[in-house]
Amino acid sequence: MSIFSKLFSRSQPRPTSSVVQEELAARIQEELVTQVPEELVAQDSASADIVAGSLGLDFDPSRVTQDVRDDLRRNIREIEEFKKVDDLQFEHAYSAALLSISRGGDLKVLYDALKAMDVPGMGIRSADIARTLNNQSMALIRQQENLKNGIKFARWFYLGVPCFRNRQHPSADDISMNEAHQAADGKKYKIAKGLLLQGHYTTPGRIEGCLCTFNIDVEDIGL
Ligand SMILES: [Zn+2]
């Protein structure tokens, strides 16, 4: 079953409000984001260009608030490959990531920038890192917007694609994380607090390598 089919076929309340429809649209966009790197890794540049070019047409860059920018800097610093880069390399990566996110998930621009960096191990990790940084920012944007709209609860949504930090060589920790995220599918949590997984409160898409997202059920709106 394709992930798109899964999105539409799950036994959940039908989208009856604009908020829920917006969530559905956001999930589809996120799914597009998660689909691009495989195409990039396969070096199918023609199809990657098409997908990348179709992203973010309706994305308002003002959604990338100062909070999101500050968070992006922290997220980059937490990635192993960036622990030893100099300031110039860091700013180069940050600028590319900000552009990528401001376009609503243009992974190709970030993937290309990362791959061209003179940083050990970055080449093979570029797709993973581009996807992670986009997912983390999109997750934060949606969380903050939901909270601002008075929506306090969400349900964890495991897309069916493994949550691994390193897709080429998943570690034992990656496998444990993926199992925890798969088990979290459908669980309700407070958006402001997150769900307790592996000893830490977290929300979907926020941990490096996590491709999970969330649903807002009609019954949870305004609770
Ligand atoms: Zn996950």
# chains A, B, ... in the order shown; residues from 1 in each chain; ligands from 1
call {"tool": "residues_near_ligand", "arguments": {"ligand": "ligand 1", "cutoff": "12 Å", "atoms": "only C-alpha atoms and all ligand atoms", "output": "PyMOL selection string"}}
result
chain A and resi 34+132+135-136+139+156-165+174-185+195+197+202-214
call {"tool": "residues_around", "arguments": {"residues": "segment 56-71 of chain A", "least_positions_apart": "4", "cutoff": "8 Å", "atoms": "only C-alpha atoms", "output": "VMD selection string"}}
result
chain A and resid 75 98 101 to 106 137 140 to 141
call {"tool": "write_last_selection", "arguments": {"atoms": "C-alpha atoms", "output": "short mmCIF file (atom, residue, chain, number, x, y, z; two decimals), in the first residue's frame"}}
result
data_model
loop_
_atom_site.label_atom_id
_atom_site.label_comp_id
_atom_site.auth_asym_id
_atom_site.auth_seq_id
_atom_site.Cartn_x
_atom_site.Cartn_y
_atom_site.Cartn_z
CA ASN A 75 19.30 21.11 14.96
CA LEU A 98 16.80 28.04 5.55
CA ILE A 101 12.59 25.22 4.39
CA SER A 102 11.39 28.66 3.27
CA ARG A 103 10.45 27.09 -0.05
CA GLY A 104 8.26 24.63 1.82
CA GLY A 105 10.59 21.65 1.60
CA ASP A 106 12.87 22.05 -1.40
CA SER A 137 11.42 22.49 11.02
CA LEU A 140 7.91 22.66 14.71
CA ILE A 141 6.05 25.04 12.40
#
call {"tool": "select_by_dssp", "arguments": {"residues": "segment 28-178 of chain A", "states": "helix (DSSP H, G or I)", "output": "MDAnalysis selection string"}}
result
chainID A and resid 28:41 45:54 61:63 66:78 80:82 87:102 107:115 122:148 172:178
call {"tool": "closest_residue", "arguments": {"among": "A:Ile129, A:Ile151, A:Met117, A:Val218", "to": "Gln89 of chain A", "atoms": "only C-alpha atoms"}}
result
A:Met117
call {"tool": "atom_distance", "arguments": {"atom1": "atom CA of Gln143 of chain A", "atom2": "atom CA of Ser126 of chain A"}}
result
25.7 Å
call {"tool": "residues_around", "arguments": {"residues": "Ala154 of chain A", "least_positions_apart": "6", "cutoff": "8 Å", "atoms": "only C-alpha atoms", "output": "PDB file with C-alpha atoms, in the first residue's frame"}}
result
ATOM      1  CA  LYS A 188      -2.648  10.656  21.738  1.00  0.00           C
ATOM      2  CA  TYR A 189      -0.326  13.223  23.299  1.00  0.00           C
ATOM      3  CA  LYS A 190      -0.234  16.838  24.409  1.00  0.00           C
ATOM      4  CA  ILE A 191       1.368  18.847  21.610  1.00  0.00           C
ATOM      5  CA  PHE A 214       0.707  13.601  13.440  1.00  0.00           C
ATOM      6  CA  ASN A 215      -3.036  13.720  13.041  1.00  0.00           C
ATOM      7  CA  ILE A 216      -5.458  16.135  14.595  1.00  0.00           C
ATOM      8  CA  ASP A 217      -8.662  14.223  15.211  1.00  0.00           C
ATOM      9  CA  ASP A 220      -9.541  16.388  19.929  1.00  0.00           C
TER      10      ASP A 220
END
call {"tool": "atom_distance", "arguments": {"atom1": "atom CA of Asn134 of chain A", "atom2": "atom CA of Arg73 of chain A"}}
result
12.2 Å
call {"tool": "atom_distance", "arguments": {"atom1": "atom CA of Gln144 of chain A", "atom2": "atom CA of Ala192 of chain A"}}
result
8.7 Å
call {"tool": "residues_around", "arguments": {"residues": "Pro120 of chain A", "least_positions_apart": "2", "cutoff": "10 Å", "atoms": "only C-alpha atoms", "output": "ChimeraX atom specification"}}
result
/A:81-82,84-85,117-118,122-125
call {"tool": "write_last_selection", "arguments": {"atoms": "N, CA and C atoms", "output": "PDB file, in the first residue's frame"}}
result
ATOM      1  N   GLU A  81      27.942  15.170  11.899  1.00  0.00           N
ATOM      2  CA  GLU A  81      28.840  15.647  10.842  1.00  0.00           C
ATOM      3  C   GLU A  81      29.179  17.135  10.991  1.00  0.00           C
ATOM      4  N   PHE A  82      28.344  17.873  11.736  1.00  0.00           N
ATOM      5  CA  PHE A  82      28.588  19.315  11.883  1.00  0.00           C
ATOM      6  C   PHE A  82      29.360  19.666  13.145  1.00  0.00           C
ATOM      7  N   LYS A  84      32.395  19.325  13.815  1.00  0.00           N
ATOM      8  CA  LYS A  84      33.759  19.830  13.606  1.00  0.00           C
ATOM      9  C   LYS A  84      33.877  20.824  12.450  1.00  0.00           C
ATOM     10  N   VAL A  85      32.765  21.341  11.968  1.00  0.00           N
ATOM     11  CA  VAL A  85      32.868  22.286  10.842  1.00  0.00           C
ATOM     12  C   VAL A  85      33.221  23.672  11.372  1.00  0.00           C
ATOM     13  N   MET A 117      29.848  20.134   0.215  1.00  0.00           N
ATOM     14  CA  MET A 117      30.685  20.611   1.317  1.00  0.00           C
ATOM     15  C   MET A 117      31.881  19.693   1.539  1.00  0.00           C
ATOM     16  N   ASP A 118      32.978  20.298   1.923  1.00  0.00           N
ATOM     17  CA  ASP A 118      34.188  19.527   2.187  1.00  0.00           C
ATOM     18  C   ASP A 118      34.183  19.089   3.656  1.00  0.00           C
ATOM     19  N   MET A 122      30.036  13.605   4.755  1.00  0.00           N
ATOM     20  CA  MET A 122      28.823  14.359   4.427  1.00  0.00           C
ATOM     21  C   MET A 122      28.156  13.858   3.147  1.00  0.00           C
ATOM     22  N   GLY A 123      28.978  13.427   2.182  1.00  0.00           N
ATOM     23  CA  GLY A 123      28.424  13.025   0.889  1.00  0.00           C
ATOM     24  C   GLY A 123      27.306  12.009   1.004  1.00  0.00           C
ATOM     25  N   ILE A 124      27.590  10.913   1.690  1.00  0.00           N
ATOM     26  CA  ILE A 124      26.612   9.823   1.765  1.00  0.00           C
ATOM     27  C   ILE A 124      25.462  10.162   2.705  1.00  0.00           C
ATOM     28  N   ARG A 125      25.670  11.128   3.604  1.00  0.00           N
ATOM     29  CA  ARG A 125      24.648  11.482   4.582  1.00  0.00           C
ATOM     30  C   ARG A 125      23.792  12.673   4.136  1.00  0.00           C
TER      31      ARG A 125
END
call {"tool": "residues_around", "arguments": {"residues": "Ala96 of chain A", "least_positions_apart": "2", "cutoff": "9 Å", "atoms": "only C-alpha atoms", "output": "list in words"}}
result
Glu91, His92, Ala93, Tyr94, Leu98, Leu99, Ser100, Ile101, Val109, Leu110, Tyr111, Ala113 and Leu114 of chain A
